[in-house]
$ cat work_36.txt   # compact mmCIF, N, CA and C atoms
# COMPACT_ATOMS: atom_id res chain seq x y z
N MET A 1 0.85 -1.16 0.00
CA MET A 1 0.00 0.00 0.00
C MET A 1 0.91 1.23 0.00
N ALA A 2 0.75 2.04 -1.02
CA ALA A 2 1.59 3.24 -1.13
C ALA A 2 0.92 4.40 -0.40
N ILE A 3 1.73 5.21 0.24
CA ILE A 3 1.22 6.36 0.98
C ILE A 3 1.78 7.61 0.34
N ASN A 4 0.91 8.59 0.12
CA ASN A 4 1.37 9.87 -0.39
C ASN A 4 2.07 10.58 0.76
N MET A 5 3.39 10.53 0.75
CA MET A 5 4.17 11.04 1.87
C MET A 5 4.03 12.55 2.04
N ASP A 6 3.78 13.29 0.94
CA ASP A 6 3.61 14.73 1.06
C ASP A 6 2.36 15.08 1.86
N LEU A 7 1.28 14.34 1.63
CA LEU A 7 0.02 14.64 2.31
C LEU A 7 -0.12 13.92 3.65
N LEU A 8 0.27 12.66 3.68
CA LEU A 8 0.01 11.84 4.85
C LEU A 8 1.26 11.42 5.61
N GLY A 9 2.39 11.85 5.15
CA GLY A 9 3.64 11.44 5.77
C GLY A 9 3.89 12.13 7.10
N PRO A 10 4.97 11.72 7.76
CA PRO A 10 5.28 12.28 9.08
C PRO A 10 5.76 13.72 9.01
N LYS A 11 5.47 14.44 10.05
CA LYS A 11 6.01 15.79 10.18
C LYS A 11 7.37 15.67 10.86
N LYS A 12 8.15 16.69 10.78
CA LYS A 12 9.50 16.65 11.34
C LYS A 12 9.44 16.25 12.82
N GLY A 13 10.25 15.27 13.20
CA GLY A 13 10.30 14.79 14.57
C GLY A 13 9.31 13.67 14.86
N GLU A 14 8.44 13.32 13.91
CA GLU A 14 7.45 12.26 14.12
C GLU A 14 7.70 11.03 13.25
N GLU A 15 8.88 10.93 12.68
CA GLU A 15 9.17 9.84 11.75
C GLU A 15 9.05 8.46 12.39
N GLU A 16 9.57 8.32 13.61
CA GLU A 16 9.52 7.01 14.27
C GLU A 16 8.09 6.60 14.56
N THR A 17 7.31 7.50 15.11
CA THR A 17 5.90 7.21 15.41
C THR A 17 5.16 6.84 14.14
N PHE A 18 5.43 7.58 13.07
CA PHE A 18 4.78 7.30 11.79
C PHE A 18 5.15 5.90 11.28
N ALA A 19 6.42 5.55 11.37
CA ALA A 19 6.87 4.23 10.91
C ALA A 19 6.19 3.12 11.69
N ILE A 20 6.05 3.31 12.99
CA ILE A 20 5.40 2.31 13.84
C ILE A 20 3.93 2.16 13.44
N GLU A 21 3.23 3.27 13.35
CA GLU A 21 1.80 3.24 13.01
C GLU A 21 1.57 2.66 11.62
N ASP A 22 2.46 2.98 10.68
CA ASP A 22 2.34 2.46 9.32
C ASP A 22 2.46 0.94 9.31
N LEU A 23 3.43 0.40 10.04
CA LEU A 23 3.60 -1.05 10.09
C LEU A 23 2.42 -1.72 10.79
N VAL A 24 1.96 -1.14 11.88
CA VAL A 24 0.81 -1.71 12.61
C VAL A 24 -0.41 -1.73 11.70
N PHE A 25 -0.67 -0.62 11.03
CA PHE A 25 -1.85 -0.52 10.16
C PHE A 25 -1.77 -1.52 9.01
N SER A 26 -0.63 -1.60 8.34
CA SER A 26 -0.51 -2.51 7.21
C SER A 26 -0.64 -3.97 7.65
N THR A 27 -0.18 -4.28 8.86
CA THR A 27 -0.33 -5.63 9.39
C THR A 27 -1.79 -5.94 9.67
N GLN A 28 -2.49 -4.99 10.29
CA GLN A 28 -3.91 -5.18 10.57
C GLN A 28 -4.69 -5.37 9.27
N VAL A 29 -4.38 -4.58 8.25
CA VAL A 29 -5.08 -4.70 6.97
C VAL A 29 -4.80 -6.06 6.34
N ALA A 30 -3.55 -6.51 6.37
CA ALA A 30 -3.21 -7.81 5.79
C ALA A 30 -3.97 -8.94 6.49
N LEU A 31 -4.08 -8.87 7.81
CA LEU A 31 -4.82 -9.90 8.55
C LEU A 31 -6.31 -9.84 8.23
N GLN A 32 -6.86 -8.63 8.12
CA GLN A 32 -8.28 -8.50 7.78
C GLN A 32 -8.56 -9.01 6.37
N GLN A 33 -7.64 -8.76 5.44
CA GLN A 33 -7.80 -9.28 4.08
C GLN A 33 -7.77 -10.80 4.08
N ALA A 34 -6.90 -11.39 4.89
CA ALA A 34 -6.84 -12.85 5.00
C ALA A 34 -8.15 -13.39 5.57
N MET A 35 -8.69 -12.71 6.56
CA MET A 35 -9.97 -13.13 7.13
C MET A 35 -11.06 -13.08 6.06
N LYS A 36 -11.07 -12.03 5.29
CA LYS A 36 -12.09 -11.88 4.23
C LYS A 36 -11.93 -12.97 3.18
N ARG A 37 -10.69 -13.27 2.77
CA ARG A 37 -10.44 -14.33 1.78
C ARG A 37 -11.00 -15.66 2.24
N HIS A 38 -10.89 -15.93 3.53
CA HIS A 38 -11.32 -17.22 4.07
C HIS A 38 -12.74 -17.17 4.66
N GLY A 39 -13.38 -16.02 4.57
CA GLY A 39 -14.74 -15.89 5.09
C GLY A 39 -14.83 -16.08 6.59
N VAL A 40 -13.81 -15.62 7.32
CA VAL A 40 -13.76 -15.80 8.77
C VAL A 40 -14.17 -14.50 9.46
N THR A 41 -15.11 -14.60 10.39
CA THR A 41 -15.56 -13.44 11.16
C THR A 41 -14.69 -13.28 12.42
N ASN A 42 -14.83 -12.15 13.08
CA ASN A 42 -14.11 -11.94 14.35
C ASN A 42 -14.48 -13.03 15.36
N LYS A 43 -15.75 -13.38 15.40
CA LYS A 43 -16.20 -14.40 16.35
C LYS A 43 -15.57 -15.75 16.03
N GLU A 44 -15.54 -16.13 14.76
CA GLU A 44 -14.92 -17.41 14.38
C GLU A 44 -13.43 -17.40 14.69
N LEU A 45 -12.77 -16.27 14.42
CA LEU A 45 -11.35 -16.17 14.71
C LEU A 45 -11.09 -16.29 16.21
N SER A 46 -11.94 -15.66 17.00
CA SER A 46 -11.75 -15.74 18.45
C SER A 46 -11.88 -17.19 18.94
N GLU A 47 -12.80 -17.95 18.35
CA GLU A 47 -12.96 -19.35 18.72
C GLU A 47 -11.73 -20.17 18.32
N ARG A 48 -11.19 -19.91 17.12
CA ARG A 48 -10.02 -20.64 16.65
C ARG A 48 -8.79 -20.35 17.52
N LEU A 49 -8.71 -19.13 18.04
CA LEU A 49 -7.55 -18.72 18.82
C LEU A 49 -7.73 -18.95 20.32
N GLY A 50 -8.94 -19.23 20.74
CA GLY A 50 -9.20 -19.35 22.16
C GLY A 50 -9.13 -18.01 22.86
N MET A 51 -9.45 -16.94 22.14
CA MET A 51 -9.47 -15.58 22.70
C MET A 51 -10.92 -15.13 22.81
N SER A 52 -11.12 -14.11 23.58
CA SER A 52 -12.46 -13.55 23.65
C SER A 52 -12.71 -12.73 22.38
N PRO A 53 -13.97 -12.60 21.96
CA PRO A 53 -14.27 -11.75 20.81
C PRO A 53 -13.82 -10.30 21.03
N ALA A 54 -13.86 -9.85 22.27
CA ALA A 54 -13.42 -8.49 22.57
C ALA A 54 -11.92 -8.32 22.29
N ARG A 55 -11.13 -9.34 22.64
CA ARG A 55 -9.68 -9.28 22.40
C ARG A 55 -9.40 -9.23 20.89
N VAL A 56 -10.13 -10.02 20.11
CA VAL A 56 -9.94 -10.00 18.65
C VAL A 56 -10.32 -8.64 18.09
N SER A 57 -11.37 -8.04 18.61
CA SER A 57 -11.74 -6.69 18.17
C SER A 57 -10.63 -5.70 18.49
N GLN A 58 -9.99 -5.87 19.64
CA GLN A 58 -8.89 -4.98 20.02
C GLN A 58 -7.71 -5.10 19.05
N VAL A 59 -7.48 -6.31 18.56
CA VAL A 59 -6.37 -6.54 17.62
C VAL A 59 -6.51 -5.62 16.41
N PHE A 60 -7.74 -5.40 15.97
CA PHE A 60 -7.97 -4.60 14.78
C PHE A 60 -8.36 -3.15 15.09
N SER A 61 -8.27 -2.78 16.34
CA SER A 61 -8.59 -1.42 16.77
C SER A 61 -7.37 -0.52 16.64
N THR A 62 -7.60 0.75 16.36
CA THR A 62 -6.48 1.69 16.28
C THR A 62 -5.89 1.95 17.66
N ASN A 63 -6.66 1.73 18.71
CA ASN A 63 -6.17 1.96 20.07
C ASN A 63 -5.87 0.65 20.79
N GLY A 64 -5.81 -0.43 20.05
CA GLY A 64 -5.58 -1.73 20.66
C GLY A 64 -4.17 -1.88 21.17
N PRO A 65 -3.94 -2.95 21.93
CA PRO A 65 -2.60 -3.19 22.47
C PRO A 65 -1.63 -3.56 21.36
N ASN A 66 -0.36 -3.41 21.63
CA ASN A 66 0.68 -3.74 20.67
C ASN A 66 0.65 -5.25 20.40
N LEU A 67 0.64 -5.62 19.13
CA LEU A 67 0.64 -7.02 18.75
C LEU A 67 2.08 -7.55 18.74
N THR A 68 2.27 -8.71 19.30
CA THR A 68 3.58 -9.33 19.22
C THR A 68 3.64 -10.14 17.92
N LEU A 69 4.83 -10.46 17.50
CA LEU A 69 4.98 -11.30 16.31
C LEU A 69 4.33 -12.67 16.55
N LYS A 70 4.38 -13.15 17.79
CA LYS A 70 3.75 -14.43 18.10
C LYS A 70 2.24 -14.37 17.90
N THR A 71 1.62 -13.27 18.32
CA THR A 71 0.17 -13.12 18.14
C THR A 71 -0.17 -13.04 16.66
N ILE A 72 0.61 -12.29 15.91
CA ILE A 72 0.38 -12.19 14.46
C ILE A 72 0.51 -13.57 13.82
N ALA A 73 1.54 -14.32 14.21
CA ALA A 73 1.75 -15.66 13.67
C ALA A 73 0.60 -16.60 14.04
N ARG A 74 0.11 -16.49 15.27
CA ARG A 74 -1.02 -17.33 15.69
C ARG A 74 -2.26 -17.03 14.85
N ILE A 75 -2.51 -15.74 14.60
CA ILE A 75 -3.67 -15.36 13.79
C ILE A 75 -3.52 -15.89 12.37
N ALA A 76 -2.34 -15.69 11.79
CA ALA A 76 -2.09 -16.16 10.43
C ALA A 76 -2.29 -17.68 10.34
N HIS A 77 -1.75 -18.40 11.33
CA HIS A 77 -1.89 -19.86 11.35
C HIS A 77 -3.37 -20.26 11.47
N ALA A 78 -4.11 -19.58 12.32
CA ALA A 78 -5.53 -19.88 12.49
C ALA A 78 -6.32 -19.64 11.20
N LEU A 79 -5.80 -18.75 10.36
CA LEU A 79 -6.46 -18.46 9.09
C LEU A 79 -5.94 -19.33 7.94
N GLY A 80 -4.92 -20.15 8.24
CA GLY A 80 -4.34 -20.98 7.20
C GLY A 80 -3.50 -20.18 6.22
N GLU A 81 -2.91 -19.09 6.70
CA GLU A 81 -2.10 -18.21 5.86
C GLU A 81 -0.66 -18.24 6.31
N ASP A 82 0.24 -17.95 5.39
CA ASP A 82 1.66 -17.78 5.71
C ASP A 82 2.03 -16.34 5.40
N PHE A 83 2.59 -15.65 6.35
CA PHE A 83 3.04 -14.29 6.15
C PHE A 83 4.55 -14.26 6.26
N GLU A 84 5.13 -13.29 5.58
CA GLU A 84 6.57 -13.12 5.63
C GLU A 84 6.87 -11.64 5.83
N PHE A 85 7.82 -11.36 6.67
CA PHE A 85 8.22 -9.99 6.93
C PHE A 85 9.19 -9.58 5.82
N VAL A 86 8.78 -8.64 4.97
CA VAL A 86 9.58 -8.22 3.83
C VAL A 86 9.62 -6.70 3.78
N ARG A 87 10.79 -6.15 3.49
CA ARG A 87 10.90 -4.70 3.30
C ARG A 87 10.00 -4.27 2.15
N LYS A 88 9.35 -3.13 2.29
CA LYS A 88 8.45 -2.65 1.24
C LYS A 88 9.15 -2.55 -0.11
N HIS A 89 10.39 -2.09 -0.11
CA HIS A 89 11.10 -1.90 -1.37
C HIS A 89 11.50 -3.22 -2.01
N GLU A 90 11.48 -4.29 -1.24
CA GLU A 90 11.81 -5.60 -1.79
C GLU A 90 10.57 -6.37 -2.21
N ALA A 91 9.42 -5.90 -1.79
CA ALA A 91 8.18 -6.59 -2.14
C ALA A 91 7.98 -6.49 -3.65
N GLN A 92 7.66 -7.62 -4.23
CA GLN A 92 7.46 -7.64 -5.68
C GLN A 92 6.07 -7.10 -5.97
N ARG A 93 6.02 -6.01 -6.70
CA ARG A 93 4.75 -5.39 -7.02
C ARG A 93 4.50 -5.50 -8.53
N THR A 94 3.26 -5.73 -8.87
CA THR A 94 2.90 -5.81 -10.27
C THR A 94 2.76 -4.40 -10.82
N LEU A 95 3.46 -4.12 -11.88
CA LEU A 95 3.36 -2.82 -12.53
C LEU A 95 2.03 -2.71 -13.26
N PRO A 96 1.50 -1.50 -13.40
CA PRO A 96 0.22 -1.34 -14.10
C PRO A 96 0.23 -1.96 -15.50
N GLU A 97 1.36 -1.86 -16.21
CA GLU A 97 1.44 -2.42 -17.56
C GLU A 97 1.30 -3.94 -17.52
N GLU A 98 1.90 -4.56 -16.51
CA GLU A 98 1.81 -6.02 -16.38
C GLU A 98 0.39 -6.44 -16.02
N ARG A 99 -0.27 -5.66 -15.16
CA ARG A 99 -1.66 -5.98 -14.81
C ARG A 99 -2.55 -5.82 -16.02
N ALA A 100 -2.29 -4.82 -16.86
CA ALA A 100 -3.11 -4.57 -18.04
C ALA A 100 -3.07 -5.76 -18.99
N LYS A 101 -1.92 -6.42 -19.10
CA LYS A 101 -1.80 -7.58 -19.98
C LYS A 101 -2.77 -8.69 -19.57
N GLY A 102 -3.07 -8.78 -18.29
CA GLY A 102 -4.01 -9.79 -17.83
C GLY A 102 -5.43 -9.53 -18.30
N PHE A 103 -5.74 -8.28 -18.63
CA PHE A 103 -7.08 -7.94 -19.11
C PHE A 103 -7.24 -8.19 -20.61
N MET A 104 -6.13 -8.31 -21.34
CA MET A 104 -6.19 -8.43 -22.78
C MET A 104 -7.11 -9.56 -23.25
N PRO A 105 -6.98 -10.79 -22.74
CA PRO A 105 -7.86 -11.86 -23.24
C PRO A 105 -9.34 -11.56 -23.03
N VAL A 106 -9.67 -10.93 -21.91
CA VAL A 106 -11.07 -10.61 -21.63
C VAL A 106 -11.58 -9.55 -22.58
N VAL A 107 -10.79 -8.51 -22.78
CA VAL A 107 -11.19 -7.42 -23.68
C VAL A 107 -11.35 -7.95 -25.10
N LEU A 108 -10.39 -8.75 -25.56
CA LEU A 108 -10.45 -9.28 -26.92
C LEU A 108 -11.64 -10.22 -27.11
N GLN A 109 -11.99 -10.93 -26.08
CA GLN A 109 -13.12 -11.87 -26.16
C GLN A 109 -14.43 -11.12 -26.42
N TRP A 110 -14.58 -9.95 -25.82
CA TRP A 110 -15.84 -9.22 -25.91
C TRP A 110 -15.84 -8.11 -26.95
N ASN A 111 -14.74 -7.90 -27.64
CA ASN A 111 -14.69 -6.85 -28.64
C ASN A 111 -14.09 -7.42 -29.92
N ASN A 112 -14.97 -7.76 -30.90
CA ASN A 112 -14.49 -8.41 -32.12
C ASN A 112 -13.74 -7.46 -33.04
N ARG A 113 -13.77 -6.16 -32.79
CA ARG A 113 -13.02 -5.23 -33.63
C ARG A 113 -11.54 -5.23 -33.30
N LEU A 114 -11.18 -5.73 -32.13
CA LEU A 114 -9.79 -5.73 -31.70
C LEU A 114 -9.11 -7.06 -32.01
N THR A 115 -7.82 -6.99 -32.22
CA THR A 115 -7.00 -8.18 -32.40
C THR A 115 -5.84 -8.07 -31.42
N PRO A 116 -5.14 -9.17 -31.13
CA PRO A 116 -3.98 -9.05 -30.24
C PRO A 116 -2.98 -8.01 -30.72
N ALA A 117 -2.85 -7.87 -32.04
CA ALA A 117 -1.90 -6.89 -32.58
C ALA A 117 -2.36 -5.46 -32.32
N SER A 118 -3.66 -5.26 -32.17
CA SER A 118 -4.16 -3.90 -31.96
C SER A 118 -4.14 -3.47 -30.49
N TRP A 119 -3.79 -4.41 -29.62
CA TRP A 119 -3.75 -4.11 -28.19
C TRP A 119 -2.53 -3.25 -27.91
N VAL A 120 -2.78 -2.00 -27.57
CA VAL A 120 -1.70 -1.05 -27.29
C VAL A 120 -1.87 -0.56 -25.88
N GLU A 121 -0.81 -0.66 -25.09
CA GLU A 121 -0.85 -0.18 -23.72
C GLU A 121 -0.27 1.22 -23.67
N ARG A 122 -0.96 2.10 -22.96
CA ARG A 122 -0.44 3.45 -22.78
C ARG A 122 -1.03 4.00 -21.49
N ALA A 123 -0.35 4.96 -20.94
CA ALA A 123 -0.83 5.59 -19.71
C ALA A 123 -2.11 6.36 -20.01
N ALA A 124 -2.94 6.50 -18.99
CA ALA A 124 -4.19 7.22 -19.15
C ALA A 124 -3.94 8.68 -19.51
N ASN A 125 -4.84 9.23 -20.28
CA ASN A 125 -4.82 10.65 -20.66
C ASN A 125 -3.57 11.06 -21.42
N THR A 126 -3.02 10.16 -22.21
CA THR A 126 -1.83 10.54 -22.98
C THR A 126 -2.12 10.67 -24.45
N SER A 127 -3.33 10.36 -24.86
CA SER A 127 -3.63 10.43 -26.29
C SER A 127 -3.84 11.89 -26.70
N GLY A 128 -3.71 12.13 -27.98
CA GLY A 128 -3.78 13.50 -28.49
C GLY A 128 -5.19 14.08 -28.52
N ASN A 129 -6.16 13.36 -29.08
CA ASN A 129 -7.47 13.94 -29.28
C ASN A 129 -8.49 13.25 -28.37
N ARG A 130 -8.81 13.86 -27.27
CA ARG A 130 -9.70 13.27 -26.27
C ARG A 130 -11.10 13.05 -26.82
N LYS A 131 -11.66 14.01 -27.58
CA LYS A 131 -13.01 13.86 -28.09
C LYS A 131 -13.08 12.70 -29.07
N ARG A 132 -12.07 12.55 -29.93
CA ARG A 132 -12.06 11.44 -30.89
C ARG A 132 -12.00 10.12 -30.16
N ASP A 133 -11.17 10.03 -29.11
CA ASP A 133 -11.04 8.81 -28.35
C ASP A 133 -12.33 8.45 -27.62
N LEU A 134 -13.03 9.45 -27.10
CA LEU A 134 -14.28 9.20 -26.41
C LEU A 134 -15.36 8.73 -27.37
N ALA A 135 -15.33 9.22 -28.61
CA ALA A 135 -16.35 8.85 -29.60
C ALA A 135 -16.10 7.45 -30.15
N ALA A 136 -14.90 6.96 -30.05
CA ALA A 136 -14.57 5.65 -30.65
C ALA A 136 -15.23 4.51 -29.93

$ encode --input "work_36.txt" --output "structure tokens"
Amino acid sequence: MAINMDLLGPKKGEEETFAIEDLVFSTQVALQQAMKRHGVTNKELSERLGMSPARVSQVFSTNGPNLTLKTIARIAHALGEDFEFVRKHEAQRTLPEERAKGFMPVVLQWNNRLTPASWVERAANTSGNRKRDLAA
């Protein structure tokens, strides 16, 4: 998850606090996404972990207690997920151009005027004549 550092980044002297909150938030989001993928509710997770539902709610609260790596690992295991601690800059991210290639078969299937050779990738709003492009 990219953050616009100019708008939402730390102010001078708050870099450490910002780094901590950023890691906590991204961890909470990753765990919530795993729960959603597996269709697991807070109540179900609390049963799997042997925790109270209130404690599970605290895990995902902005004012909740600090999560240990052991607690994060227990939650991931209960969800059947494997997480790895990776530096953001080392995380492999799909570039927009690479993601666009995945749409090509779908677009070509539903538009008989296009051929694989006519599939041209370009950044948004870079074409010369906007009205002509909208009319096409």

$ closest_residue --input "work_36.txt" --among "A:Glu84, A:Leu31, A:Glu14, A:Leu79" --to "A:Glu47" --atoms "only C-alpha atoms"
A:Leu79

$ closest_residue --input "work_36.txt" --among "A:Arg87, A:Glu15, A:Met51, A:Lys36" --to "A:Thr71" --atoms "only C-alpha atoms"
A:Met51

$ atom_distance --input "work_36.txt" --atom1 "atom CA of A:Ser57" --atom2 "atom CA of A:Phe18"
22.6 Å

$ atom_distance --input "work_36.txt" --atom1 "atom CA of A:Thr17" --atom2 "atom CA of A:Arg55"
23.7 Å

$ residues_around --input "work_36.txt" --residues "A:His38" --least-positions-apart "5" --cutoff "12 Å" --atoms "only C-alpha atoms" --output "mmCIF file with N, CA and C atoms, in the frame of the given file"
data_model
loop_
_atom_site.group_PDB
_atom_site.id
_atom_site.type_symbol
_atom_site.label_atom_id
_atom_site.label_comp_id
_atom_site.auth_asym_id
_atom_site.auth_seq_id
_atom_site.Cartn_x
_atom_site.Cartn_y
_atom_site.Cartn_z
ATOM 1 N N LEU A 31 -4.080 -8.870 7.810
ATOM 2 C CA LEU A 31 -4.820 -9.900 8.550
ATOM 3 C C LEU A 31 -6.310 -9.840 8.230
ATOM 4 N N GLN A 32 -6.860 -8.630 8.120
ATOM 5 C CA GLN A 32 -8.280 -8.500 7.780
ATOM 6 C C GLN A 32 -8.560 -9.010 6.370
ATOM 7 N N GLN A 33 -7.640 -8.760 5.440
ATOM 8 C CA GLN A 33 -7.800 -9.280 4.080
ATOM 9 C C GLN A 33 -7.770 -10.800 4.080
ATOM 10 N N GLU A 44 -15.540 -16.130 14.760
ATOM 11 C CA GLU A 44 -14.920 -17.410 14.380
ATOM 12 C C GLU A 44 -13.430 -17.400 14.690
ATOM 13 N N LEU A 45 -12.770 -16.270 14.420
ATOM 14 C CA LEU A 45 -11.350 -16.170 14.710
ATOM 15 C C LEU A 45 -11.090 -16.290 16.210
ATOM 16 N N ALA A 76 -2.340 -15.690 11.790
ATOM 17 C CA ALA A 76 -2.090 -16.160 10.430
ATOM 18 C C ALA A 76 -2.290 -17.680 10.340
ATOM 19 N N ALA A 78 -4.110 -19.580 12.320
ATOM 20 C CA ALA A 78 -5.530 -19.880 12.490
ATOM 21 C C ALA A 78 -6.320 -19.640 11.200
ATOM 22 N N LEU A 79 -5.800 -18.750 10.360
ATOM 23 C CA LEU A 79 -6.460 -18.460 9.090
ATOM 24 C C LEU A 79 -5.940 -19.330 7.940
ATOM 25 N N GLY A 80 -4.920 -20.150 8.240
ATOM 26 C CA GLY A 80 -4.340 -20.980 7.200
ATOM 27 C C GLY A 80 -3.500 -20.180 6.220
ATOM 28 N N GLU A 81 -2.910 -19.090 6.700
ATOM 29 C CA GLU A 81 -2.100 -18.210 5.860
ATOM 30 C C GLU A 81 -0.660 -18.240 6.310
#

$ atom_distance --input "work_36.txt" --atom1 "atom CA of A:Glu16" --atom2 "atom CA of A:Asp82"
27.4 Å

$ closest_residue --input "work_36.txt" --among "A:Lys70, A:Arg48, A:Lys43, A:Lys11" --to "A:Phe83" --atoms "only C-alpha atoms"
A:Lys70

$ closest_residue --input "work_36.txt" --among "A:Leu49, A:Thr41, A:Met35, A:Thr115" --to "A:Arg74" --atoms "all atoms listed in the file"
A:Leu49
